[in-house]
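> Contents of entry.json (JSON, C-alpha atoms) are given next:
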```json
[["chain", "number", "residue", "atom", "x", "y", "z"],
["J", 176, "MET", "CA", 63.10, 43.07, -2.12],
["J", 177, "LYS", "CA", 62.77, 45.52, -4.97],
["J", 178, "PHE", "CA", 60.67, 48.70, -5.25],
["J", 179, "ALA", "CA", 60.11, 50.68, -8.44],
["J", 180, "VAL", "CA", 60.21, 54.49, -8.31],
["J", 181, "ILE", "CA", 58.38, 55.87, -11.34],
["J", 182, "GLN", "CA", 59.97, 58.98, -12.82],
["J", 183, "PHE", "CA", 57.74, 61.45, -14.64],
["J", 184, "PRO", "CA", 58.98, 64.62, -16.30],
["J", 185, "GLY", "CA", 58.74, 67.03, -13.38],
["J", 186, "SER", "CA", 59.07, 64.49, -10.59],
["J", 187, "ASN", "CA", 61.36, 66.02, -7.99],
["J", 188, "CYS", "CA", 61.21, 63.59, -5.09],
["J", 189, "ASP", "CA", 62.31, 60.60, -7.13],
["J", 190, "GLN", "CA", 65.81, 60.89, -5.69],
["J", 191, "ASP", "CA", 64.47, 61.33, -2.16],
["J", 192, "CYS", "CA", 62.45, 58.15, -2.59],
["J", 193, "LEU", "CA", 65.34, 56.19, -4.07],
["J", 194, "ALA", "CA", 67.74, 57.30, -1.33],
["J", 195, "ALA", "CA", 65.23, 56.65, 1.44],
["J", 196, "LEU", "CA", 64.32, 53.20, 0.18],
["J", 197, "ASN", "CA", 67.92, 52.18, -0.49],
["J", 198, "GLY", "CA", 68.75, 53.25, 3.05],
["J", 199, "ILE", "CA", 66.42, 50.64, 4.49],
["J", 200, "PRO", "CA", 68.17, 47.29, 5.07],
["J", 201, "GLY", "CA", 66.90, 44.59, 2.73],
["J", 202, "LEU", "CA", 65.34, 47.02, 0.30],
["J", 203, "ARG", "CA", 66.54, 48.04, -3.14],
["J", 204, "ALA", "CA", 64.89, 50.66, -5.30],
["J", 205, "GLU", "CA", 65.22, 51.35, -9.02],
["J", 206, "TYR", "CA", 63.93, 54.09, -11.28],
["J", 207, "VAL", "CA", 61.42, 53.28, -13.97],
["J", 208, "TRP", "CA", 60.96, 55.99, -16.62],
["J", 209, "HIS", "CA", 57.35, 56.90, -17.35],
["J", 210, "LYS", "CA", 57.74, 56.07, -21.05],
["J", 211, "GLU", "CA", 58.35, 52.41, -20.19],
["J", 212, "THR", "CA", 55.31, 50.22, -20.65],
["J", 213, "LEU", "CA", 56.08, 47.49, -18.14],
["J", 214, "VAL", "CA", 56.77, 47.67, -14.43],
["J", 215, "ASP", "CA", 57.37, 43.97, -13.93],
["J", 216, "GLY", "CA", 59.50, 42.18, -11.38],
["J", 217, "PHE", "CA", 58.99, 44.68, -8.58],
["J", 218, "ASP", "CA", 57.48, 43.96, -5.19],
["J", 219, "ALA", "CA", 56.01, 47.44, -4.87],
["J", 220, "ILE", "CA", 55.60, 50.63, -6.88],
["J", 221, "VAL", "CA", 56.26, 54.16, -5.66],
["J", 222, "LEU", "CA", 54.85, 57.25, -7.37],
["J", 223, "PRO", "CA", 57.05, 60.07, -6.06],
["J", 224, "GLY", "CA", 56.27, 63.70, -5.36],
["J", 225, "GLY", "CA", 56.96, 66.62, -7.61],
["J", 226, "PHE", "CA", 55.23, 68.54, -10.35],
["J", 227, "SER", "CA", 54.70, 66.03, -13.13],
["J", 228, "TYR", "CA", 54.06, 67.85, -16.40],
["J", 229, "GLY", "CA", 54.37, 71.14, -14.54],
["J", 230, "ASP", "CA", 51.05, 70.50, -12.80],
["J", 231, "TYR", "CA", 49.46, 71.78, -16.02],
["J", 232, "LEU", "CA", 45.67, 71.50, -16.25],
["J", 233, "ARG", "CA", 45.41, 69.80, -12.84],
["J", 234, "CYS", "CA", 48.03, 68.12, -10.66],
["J", 235, "GLY", "CA", 48.53, 64.60, -12.02],
["J", 236, "ALA", "CA", 46.02, 65.07, -14.84],
["J", 237, "ILE", "CA", 48.51, 64.47, -17.64],
["J", 238, "ALA", "CA", 50.82, 62.03, -15.84],
["J", 239, "ARG", "CA", 47.93, 59.59, -15.49],
["J", 240, "PHE", "CA", 48.12, 59.08, -19.26],
["J", 241, "SER", "CA", 51.85, 58.25, -19.25],
["J", 242, "PRO", "CA", 52.58, 54.90, -20.94],
["J", 243, "ILE", "CA", 53.73, 53.30, -17.67],
["J", 244, "MET", "CA", 50.43, 53.94, -15.93],
["J", 245, "LYS", "CA", 48.59, 51.11, -17.67],
["J", 246, "SER", "CA", 51.07, 48.71, -16.17],
["J", 247, "VAL", "CA", 50.80, 50.42, -12.77],
["J", 248, "VAL", "CA", 46.99, 50.02, -12.87],
["J", 249, "ASN", "CA", 47.31, 46.36, -13.85],
["J", 250, "ALA", "CA", 49.79, 45.76, -11.04],
["J", 251, "ALA", "CA", 47.48, 47.52, -8.56],
["J", 252, "ARG", "CA", 44.51, 45.44, -9.71],
["J", 253, "SER", "CA", 46.51, 42.25, -9.24],
["J", 254, "GLY", "CA", 47.35, 43.20, -5.65],
["J", 255, "THR", "CA", 50.82, 44.75, -5.89],
["J", 256, "LEU", "CA", 51.42, 47.43, -3.26],
["J", 257, "VAL", "CA", 51.36, 50.91, -4.76],
["J", 258, "ILE", "CA", 52.17, 54.03, -2.74],
["J", 259, "GLY", "CA", 51.76, 57.56, -4.07],
["J", 260, "VAL", "CA", 53.37, 60.44, -2.20],
["J", 261, "CYS", "CA", 52.17, 64.01, -2.72],
["J", 262, "ASN", "CA", 52.06, 64.38, -6.53],
["J", 263, "GLY", "CA", 51.93, 60.58, -6.61],
["J", 264, "PHE", "CA", 48.75, 60.73, -4.48],
["J", 265, "GLN", "CA", 47.29, 63.27, -6.92],
["J", 266, "ILE", "CA", 48.07, 60.98, -9.86],
["J", 267, "LEU", "CA", 46.43, 58.00, -8.11],
["J", 268, "CYS", "CA", 43.26, 60.05, -7.58],
["J", 269, "GLU", "CA", 43.27, 61.35, -11.15],
["J", 270, "ILE", "CA", 43.56, 57.86, -12.60],
["J", 271, "GLY", "CA", 40.83, 56.57, -10.31],
["J", 272, "LEU", "CA", 42.84, 54.07, -8.29],
["J", 273, "LEU", "CA", 41.90, 56.15, -5.25],
["J", 274, "PRO", "CA", 38.61, 57.99, -4.65],
["J", 275, "GLY", "CA", 38.33, 61.74, -4.18],
["J", 276, "ALA", "CA", 40.57, 64.52, -5.43],
["J", 277, "LEU", "CA", 43.20, 66.97, -4.19],
["J", 278, "VAL", "CA", 42.43, 70.63, -4.69],
["J", 279, "ARG", "CA", 44.02, 73.99, -3.90],
["J", 280, "ASN", "CA", 44.94, 74.45, -0.24],
["J", 281, "ARG", "CA", 42.20, 76.32, 1.55],
["J", 282, "SER", "CA", 44.71, 79.01, 2.60],
["J", 283, "LEU", "CA", 45.84, 79.40, -1.02],
["J", 284, "HIS", "CA", 49.40, 79.15, 0.35],
["J", 285, "PHE", "CA", 51.95, 76.57, -0.60],
["J", 286, "VAL", "CA", 52.64, 74.78, 2.70],
["J", 287, "CYS", "CA", 56.13, 73.57, 3.47],
["J", 288, "ASP", "CA", 56.24, 72.30, 7.02],
["J", 289, "MET", "CA", 56.72, 69.38, 9.37],
["J", 290, "VAL", "CA", 53.34, 67.95, 10.33],
["J", 291, "THR", "CA", 52.05, 65.32, 12.70],
["J", 292, "THR", "CA", 49.73, 62.63, 11.40],
["J", 293, "ARG", "CA", 47.81, 60.04, 13.39],
["J", 294, "VAL", "CA", 47.57, 56.45, 12.23],
["J", 295, "GLU", "CA", 43.82, 55.77, 12.01],
["J", 296, "VAL", "CA", 44.09, 52.19, 10.78],
["J", 297, "GLY", "CA", 46.75, 50.31, 12.68],
["J", 298, "ASP", "CA", 46.45, 47.08, 10.70],
["J", 299, "SER", "CA", 46.57, 48.38, 7.11],
["J", 300, "LEU", "CA", 49.08, 46.93, 4.65],
["J", 301, "PHE", "CA", 51.06, 50.17, 4.95],
["J", 302, "THR", "CA", 50.84, 50.96, 8.66],
["J", 303, "HIS", "CA", 50.56, 47.71, 10.60],
["J", 304, "GLY", "CA", 54.08, 48.21, 11.87],
["J", 305, "CYS", "CA", 53.09, 51.57, 13.36],
["J", 306, "GLY", "CA", 50.14, 50.69, 15.53],
["J", 307, "GLN", "CA", 46.74, 52.31, 15.93],
["J", 308, "GLY", "CA", 46.88, 55.92, 17.08],
["J", 309, "ARG", "CA", 50.61, 56.17, 16.57],
["J", 310, "LEU", "CA", 51.79, 59.65, 15.64],
["J", 311, "LEU", "CA", 54.05, 60.00, 12.61],
["J", 312, "ARG", "CA", 55.97, 63.22, 11.97],
["J", 313, "MET", "CA", 56.62, 63.88, 8.31],
["J", 314, "PRO", "CA", 57.14, 66.96, 6.13],
["J", 315, "VAL", "CA", 54.55, 68.30, 3.70],
["J", 316, "ALA", "CA", 55.27, 70.53, 0.70],
["J", 317, "HIS", "CA", 52.33, 71.20, -1.56],
["J", 318, "GLY", "CA", 49.94, 73.79, -2.94],
["J", 319, "GLU", "CA", 47.15, 71.37, -3.86],
["J", 320, "GLY", "CA", 46.80, 68.97, -0.95],
["J", 321, "CYS", "CA", 43.30, 69.69, 0.22],
["J", 322, "PHE", "CA", 41.54, 66.34, 0.05],
["J", 323, "PHE", "CA", 37.98, 66.45, -1.23],
["J", 324, "ALA", "CA", 35.40, 63.71, -1.56],
["J", 325, "ASP", "CA", 31.63, 63.95, -1.85],
["J", 326, "GLU", "CA", 29.48, 62.94, 1.10],
["J", 327, "VAL", "CA", 28.79, 59.41, -0.06],
["J", 328, "THR", "CA", 32.44, 58.71, -0.84],
["J", 329, "LEU", "CA", 33.52, 60.18, 2.47],
["J", 330, "ARG", "CA", 31.09, 58.00, 4.41],
["J", 331, "GLN", "CA", 32.30, 54.92, 2.56],
["J", 332, "LEU", "CA", 35.94, 55.84, 3.20],
["J", 333, "ASN", "CA", 35.22, 56.01, 6.92],
["J", 334, "GLU", "CA", 33.02, 52.92, 7.07],
["J", 335, "ARG", "CA", 35.49, 50.81, 5.12],
["J", 336, "ARG", "CA", 38.45, 52.01, 7.18],
["J", 337, "GLN", "CA", 40.21, 53.53, 4.20],
["J", 338, "VAL", "CA", 41.28, 56.73, 5.97],
["J", 339, "ILE", "CA", 44.77, 55.69, 7.05],
["J", 340, "LEU", "CA", 46.23, 59.01, 8.26],
["J", 341, "ARG", "CA", 44.78, 62.25, 9.61],
["J", 342, "TYR", "CA", 46.59, 65.49, 10.42],
["J", 343, "ALA", "CA", 46.83, 65.81, 14.20],
["J", 344, "THR", "CA", 48.27, 68.06, 16.87],
["J", 345, "ALA", "CA", 51.55, 67.09, 18.52],
["J", 346, "ASP", "CA", 49.53, 65.32, 21.21],
["J", 347, "GLY", "CA", 47.36, 63.46, 18.72],
["J", 348, "ARG", "CA", 44.14, 65.46, 18.59],
["J", 349, "ILE", "CA", 42.37, 65.98, 15.28],
["J", 350, "THR", "CA", 41.72, 69.73, 15.21],
["J", 351, "PRO", "CA", 41.29, 72.39, 12.50],
["J", 352, "GLU", "CA", 44.55, 73.99, 13.66],
["J", 353, "ALA", "CA", 46.44, 70.79, 12.89],
["J", 354, "ASN", "CA", 45.11, 70.75, 9.34],
["J", 355, "PRO", "CA", 47.71, 72.33, 7.02],
["J", 356, "ASN", "CA", 45.59, 72.51, 3.86],
["J", 357, "GLY", "CA", 41.89, 72.36, 4.67],
["J", 358, "SER", "CA", 41.49, 68.66, 3.84],
["J", 359, "ILE", "CA", 38.04, 67.33, 4.63],
["J", 360, "GLU", "CA", 38.09, 65.67, 8.10],
["J", 361, "ASN", "CA", 41.86, 66.27, 8.33],
["J", 362, "ILE", "CA", 42.49, 63.46, 5.88],
["J", 363, "ALA", "CA", 46.19, 63.10, 5.07],
["J", 364, "GLY", "CA", 46.22, 59.63, 3.49],
["J", 365, "ILE", "CA", 43.76, 57.06, 2.19],
["J", 366, "CYS", "CA", 43.86, 53.59, 0.67],
["J", 367, "ASN", "CA", 41.68, 51.90, -1.92],
["J", 368, "ARG", "CA", 38.94, 49.47, -0.92],
["J", 369, "GLU", "CA", 41.24, 46.47, -1.41],
["J", 370, "GLY", "CA", 43.86, 48.13, 0.78],
["J", 371, "ASN", "CA", 46.87, 47.73, -1.54],
["J", 372, "VAL", "CA", 46.97, 51.27, -2.98],
["J", 373, "PHE", "CA", 47.89, 54.08, -0.60],
["J", 374, "GLY", "CA", 48.15, 57.80, -1.25],
["J", 375, "LEU", "CA", 49.33, 60.44, 1.19],
["J", 376, "MET", "CA", 50.34, 64.09, 1.02],
["J", 377, "PRO", "CA", 53.10, 63.97, 3.70],
["J", 378, "HIS", "CA", 56.49, 62.69, 2.57],
["J", 379, "PRO", "CA", 57.65, 59.48, 4.26],
["J", 380, "ASP", "CA", 60.58, 59.60, 1.83],
["J", 381, "ARG", "CA", 61.83, 62.77, 3.51],
["J", 382, "ALA", "CA", 61.44, 61.35, 7.00],
["J", 383, "CYS", "CA", 63.59, 58.24, 7.02],
["J", 384, "GLU", "CA", 66.53, 59.47, 9.08],
["J", 385, "ALA", "CA", 66.52, 60.98, 12.56],
["J", 386, "ARG", "CA", 69.11, 63.56, 11.49],
["J", 387, "LEU", "CA", 66.59, 64.87, 8.96],
["J", 388, "GLY", "CA", 64.16, 65.57, 11.77],
["J", 389, "SER", "CA", 62.18, 62.34, 11.77],
["J", 390, "ALA", "CA", 62.57, 58.69, 10.88],
["J", 391, "ASP", "CA", 58.84, 57.97, 11.11],
["J", 392, "GLY", "CA", 58.42, 57.64, 7.35],
["J", 393, "ALA", "CA", 60.58, 54.53, 7.34],
["J", 394, "LYS", "CA", 57.89, 52.77, 9.38],
["J", 395, "ILE", "CA", 55.56, 52.97, 6.39],
["J", 396, "PHE", "CA", 58.12, 51.44, 4.03],
["J", 397, "GLN", "CA", 59.00, 48.78, 6.62],
["J", 398, "SER", "CA", 55.31, 47.93, 7.01],
["J", 399, "MET", "CA", 55.16, 47.46, 3.24],
["J", 400, "MET", "CA", 58.17, 45.13, 3.41],
["J", 401, "GLU", "CA", 56.51, 43.07, 6.15],
["J", 402, "THR", "CA", 53.32, 42.87, 4.10],
["J", 403, "ILE", "CA", 55.26, 41.62, 1.09],
["J", 404, "GLU", "CA", 57.20, 39.10, 3.19],
["J", 405, "ALA", "CA", 54.01, 37.78, 4.76],
["J", 406, "GLY", "CA", 52.51, 37.42, 1.28],
["J", 407, "ARG", "CA", 55.53, 35.45, 0.13],
["J", 408, "ALA", "CA", 55.35, 33.20, 3.19],
["J", 409, "ARG", "CA", 51.68, 32.49, 2.48],
["J", 410, "ALA", "CA", 52.46, 31.69, -1.16],
["J", 411, "ALA", "CA", 55.32, 29.33, -0.26],
["S", 131, "MET", "CA", 36.53, 75.81, -36.20],
["S", 132, "LYS", "CA", 36.85, 77.05, -32.66],
["S", 133, "VAL", "CA", 35.36, 75.14, -29.77],
["S", 134, "ASN", "CA", 35.28, 76.53, -26.27],
["S", 135, "VAL", "CA", 35.28, 74.37, -23.17],
["S", 136, "VAL", "CA", 34.38, 75.85, -19.81],
["S", 137, "VAL", "CA", 35.36, 73.91, -16.71],
["S", 138, "THR", "CA", 33.85, 74.98, -13.38],
["S", 139, "PRO", "CA", 34.27, 73.68, -9.84],
["S", 140, "LYS", "CA", 31.27, 71.75, -8.55],
["S", 141, "ALA", "CA", 29.11, 73.54, -6.01],
["S", 142, "ALA", "CA", 30.24, 71.29, -3.16],
["S", 143, "VAL", "CA", 33.93, 72.00, -3.79],
["S", 144, "LEU", "CA", 35.53, 74.85, -1.91],
["S", 145, "ASP", "CA", 36.94, 77.52, -4.20],
["S", 146, "PRO", "CA", 39.34, 79.58, -2.08],
["S", 147, "GLN", "CA", 40.59, 81.43, -5.17],
["S", 148, "GLY", "CA", 37.05, 82.51, -5.94],
["S", 149, "ALA", "CA", 36.55, 83.61, -2.34],
["S", 150, "ALA", "CA", 39.74, 85.70, -2.43],
["S", 151, "VAL", "CA", 38.66, 87.39, -5.66],
["S", 152, "ARG", "CA", 35.18, 88.00, -4.25],
["S", 153, "ASP", "CA", 36.75, 89.73, -1.23],
["S", 154, "ALA", "CA", 38.97, 91.83, -3.49],
["S", 155, "MET", "CA", 36.00, 92.89, -5.62],
["S", 156, "GLN", "CA", 34.04, 93.82, -2.53],
["S", 157, "HIS", "CA", 36.96, 95.91, -1.26],
["S", 158, "LEU", "CA", 37.38, 97.60, -4.64],
["S", 159, "GLY", "CA", 33.97, 99.17, -4.74],
["S", 160, "MET", "CA", 31.60, 96.32, -5.47],
["S", 161, "PRO", "CA", 30.17, 95.28, -2.08],
["S", 162, "GLU", "CA", 27.18, 93.80, -3.93],
["S", 163, "VAL", "CA", 29.28, 90.88, -5.23],
["S", 164, "ARG", "CA", 27.89, 87.75, -3.57],
["S", 165, "SER", "CA", 30.25, 85.08, -4.79],
["S", 166, "VAL", "CA", 32.89, 84.30, -7.38],
["S", 167, "ARG", "CA", 33.74, 80.86, -8.70],
["S", 168, "ILE", "CA", 36.86, 80.37, -10.76],
["S", 169, "GLY", "CA", 37.15, 77.73, -13.44],
["S", 170, "LYS", "CA", 39.01, 77.27, -16.69],
["S", 171, "PHE", "CA", 38.34, 78.39, -20.22],
["S", 172, "LEU", "CA", 39.88, 76.39, -23.06],
["S", 173, "GLU", "CA", 39.84, 77.72, -26.60],
["S", 174, "ILE", "CA", 40.36, 74.81, -28.95],
["S", 175, "GLU", "CA", 41.02, 74.95, -32.70],
["S", 176, "ILE", "CA", 39.72, 71.80, -34.24],
["S", 177, "ASP", "CA", 39.31, 70.29, -37.70],
["S", 178, "GLU", "CA", 35.57, 70.22, -38.14],
["S", 179, "LYS", "CA", 35.68, 67.49, -40.80],
["S", 180, "ALA", "CA", 36.74, 64.97, -38.15],
["S", 181, "ALA", "CA", 34.32, 62.12, -37.60],
["S", 182, "ASN", "CA", 32.24, 61.73, -34.49],
["S", 183, "LEU", "CA", 33.62, 64.95, -33.10],
["S", 184, "GLU", "CA", 31.07, 65.68, -30.40],
["S", 185, "ALA", "CA", 31.25, 62.29, -28.71],
["S", 186, "ARG", "CA", 35.04, 62.15, -28.83],
["S", 187, "LEU", "CA", 35.42, 65.66, -27.50],
["S", 188, "ASN", "CA", 32.96, 64.98, -24.71],
["S", 189, "ASP", "CA", 34.92, 61.87, -23.74],
["S", 190, "LEU", "CA", 38.15, 63.87, -23.52],
["S", 191, "CYS", "CA", 36.43, 66.64, -21.56],
["S", 192, "ARG", "CA", 35.45, 64.00, -19.03],
["S", 193, "ASP", "CA", 38.78, 62.13, -18.99],
["S", 194, "LEU", "CA", 41.37, 64.88, -19.41],
["S", 195, "LEU", "CA", 40.08, 68.44, -19.46],
["S", 196, "SER", "CA", 38.01, 68.08, -16.30],
["S", 197, "ASN", "CA", 38.01, 65.88, -13.23],
["S", 198, "PRO", "CA", 34.39, 64.74, -12.71],
["S", 199, "VAL", "CA", 35.00, 64.36, -8.98],
["S", 200, "ILE", "CA", 35.41, 68.12, -8.54],
["S", 201, "GLU", "CA", 34.44, 69.79, -11.80],
["S", 202, "ASP", "CA", 31.68, 70.17, -14.40],
["S", 203, "PHE", "CA", 32.25, 71.14, -18.01],
["S", 204, "GLN", "CA", 30.35, 72.71, -20.89],
["S", 205, "VAL", "CA", 31.27, 72.61, -24.57],
["S", 206, "HIS", "CA", 30.36, 75.62, -26.70],
["S", 207, "GLY", "CA", 30.66, 76.06, -30.45],
["S", 208, "LEU", "CA", 30.06, 72.52, -31.64],
["S", 209, "GLU", "CA", 26.59, 73.44, -32.92],
["S", 210, "SER", "CA", 28.09, 74.95, -36.08],
["S", 211, "ALA", "CA", 29.68, 71.60, -36.97],
["S", 212, "LYS", "CA", 26.33, 69.90, -37.34]]
```
Can you give me the file's structure in the form of structure tokens?

Amino acid sequence: MKFAVIQFPGSNCDQDCLAALNGIPGLRAEYVWHKETLVDGFDAIVLPGGFSYGDYLRCGAIARFSPIMKSVVNAARSGTLVIGVCNGFQILCEIGLLPGALVRNRSLHFVCDMVTTRVEVGDSLFTHGCGQGRLLRMPVAHGEGCFFADEVTLRQLNERRQVILRYATADGRITPEANPNGSIENIAGICNREGNVFGLMPHPDRACEARLGSADGAKIFQSMMETIEAGRARAA
Amino acid sequence: MKVNVVVTPKAAVLDPQGAAVRDAMQHLGMPEVRSVRIGKFLEIEIDEKAANLEARLNDLCRDLLSNPVIEDFQVHGLESAK
């Protein structure tokens, strides 16, 4: 199984993603430079964290126009799994594959911390291996991670079960204190309506080994692998 | 010609930067300041002979210079091109 990790100028978690994915048995990851125009032959696409184009203008605002993104959008529309972490999440919102936007942290501080998130949708294409209500510990590192959506969008996100992860306390309660950036309703990760595009601010790529403090992030990548395998079995 | 684009956060979007500046202004002798909103100001040099300038610039304001989910924009200075 092969995942693509898209590299933008300013990506800085591309190596984390590659190392994390290659550390998962049965999974192989390869870089794809943003100037490429085709991202074919991959089972899933990863948009890594970082500061693409220096975060100029807005985070992800310029990266969304990179040549590779047309192919990423086409792949997403045809059902390929796409996951955007941190800056990758910002790019997915900017290009419109995900609703809402990520704005300056309410505290104005860059947050660099280990957080707890609660799995709100236990049967999504990205979290079905985790289970409903499961707590995932992953690091965050961002200055613009405050998720915003207007009232209508927010209601739809909730009704359509697109809010996949919320920031939670260590015992799983959704409280303002557990919210590292002021995100509306503690939202840490959402998917598109079809369910195959997922964006999240916490870094599963930095939480794939117990010796790094948590291996919970690997559960997300393993869920993706199971989704892809199930899709192949159906097609066969 | 010079065209100015002003990008401002929508009313529903929190602007913590603006709130911090408001607090600073209040502390620095202007307690009457009610609120501050911080946006962006872009000064753009542009060839005014270009065709269909207004529509194309508006499209780019929507697609690149602002994010319609969180921001509004205004274009100033195009009037002189007409």
> Write out as a PDB file with C-alpha atoms, in the frame of the given file which residues come within 9 Å of J:Gly201 when counting only C-alpha atoms, dropping same-chain ones fewer than 2 positions away.

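And here is the file that came out, around-v7.pdb:
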```
ATOM      1  CA  MET J 176      63.100  43.070  -2.120  1.00  0.00           C
ATOM      2  CA  LYS J 177      62.770  45.520  -4.970  1.00  0.00           C
ATOM      3  CA  ASN J 197      67.920  52.180  -0.490  1.00  0.00           C
ATOM      4  CA  GLY J 198      68.750  53.250   3.050  1.00  0.00           C
ATOM      5  CA  ILE J 199      66.420  50.640   4.490  1.00  0.00           C
ATOM      6  CA  ARG J 203      66.540  48.040  -3.140  1.00  0.00           C
ATOM      7  CA  MET J 400      58.170  45.130   3.410  1.00  0.00           C
TER       8      MET J 400
END
```
> For each of S:Pro198, S:Gly169, S:Pro146, S:Gly159, take the minimum atom-to-atom distance to chain J, counting all atoms listed in the file, then give the residue where this is smallest.
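Ranked by minimum distance to chain J, first place goes to S:Pro146.
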> Any idea which chain J residues end up within 12 Å of chain S if we count all atoms listed in the file, as a ChimeraX atom specification please?
/J:231-240,265-266,268-271,273-284,319,321-328,356-359
> Can you work out which one of J:Leu256, J:Ala353, J:Val214, J:Cys188 has the shortest atom-to-atom distance to J:Met289, counting all atoms listed in the file?
J:Ala353
> What does the distance between atom CA of J:Val221 and atom CA of J:Asn333 come to in Å, to one decimal place?
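Separation of atom CA of J:Val221 and atom CA of J:Asn333: 24.6 Å.
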> How many Å separate atom CA of J:Asn187 from atom CA of J:Ile362?
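These atoms are spaced 23.6 Å apart.
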> List as a VMD selection string the protein and nucleic acid residues near J:Cys287, meaning an atom at most 12 Å away when all atoms listed in the file are counted, but skip any in the same chain fewer than 6 places from it.
chain J and resid 280 313 to 320 355 to 356 376 to 378
> Calculated over all atoms listed in the file, which of the candidates J:Phe178, J:Phe285, J:Tyr228, J:Phe264 has the smallest distance to J:Val207?
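Of J:Phe178, J:Phe285, J:Tyr228, J:Phe264, the one nearest J:Val207, counting all atoms listed in the file, is J:Phe178.
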> Could you tell me which of S:Val133, S:Leu183, S:Leu172, S:Ala154 comes closest to S:His206 if we count only C-alpha atoms?
S:Val133
> Please report the interatomic distance between atom CA of S:Ser165 and atom CA of J:Asn354 in Å with one decimal.
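Separation between atom CA of S:Ser165 and atom CA of J:Asn354: 25.0 Å.
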> Calculated over all atoms listed in the file, which of the candidates J:Val372, J:Ala204, J:Ile403, J:Ala194 has the smallest distance to J:Val338?
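Under the stated criterion, the closest residue is J:Val372.
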> Nearest residue to J:Cys192 out of J:Gly216, J:Pro242, J:Gly224, J:Gly254, using all atoms listed in the file?
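Result for the nearest residue to J:Cys192: J:Gly224.
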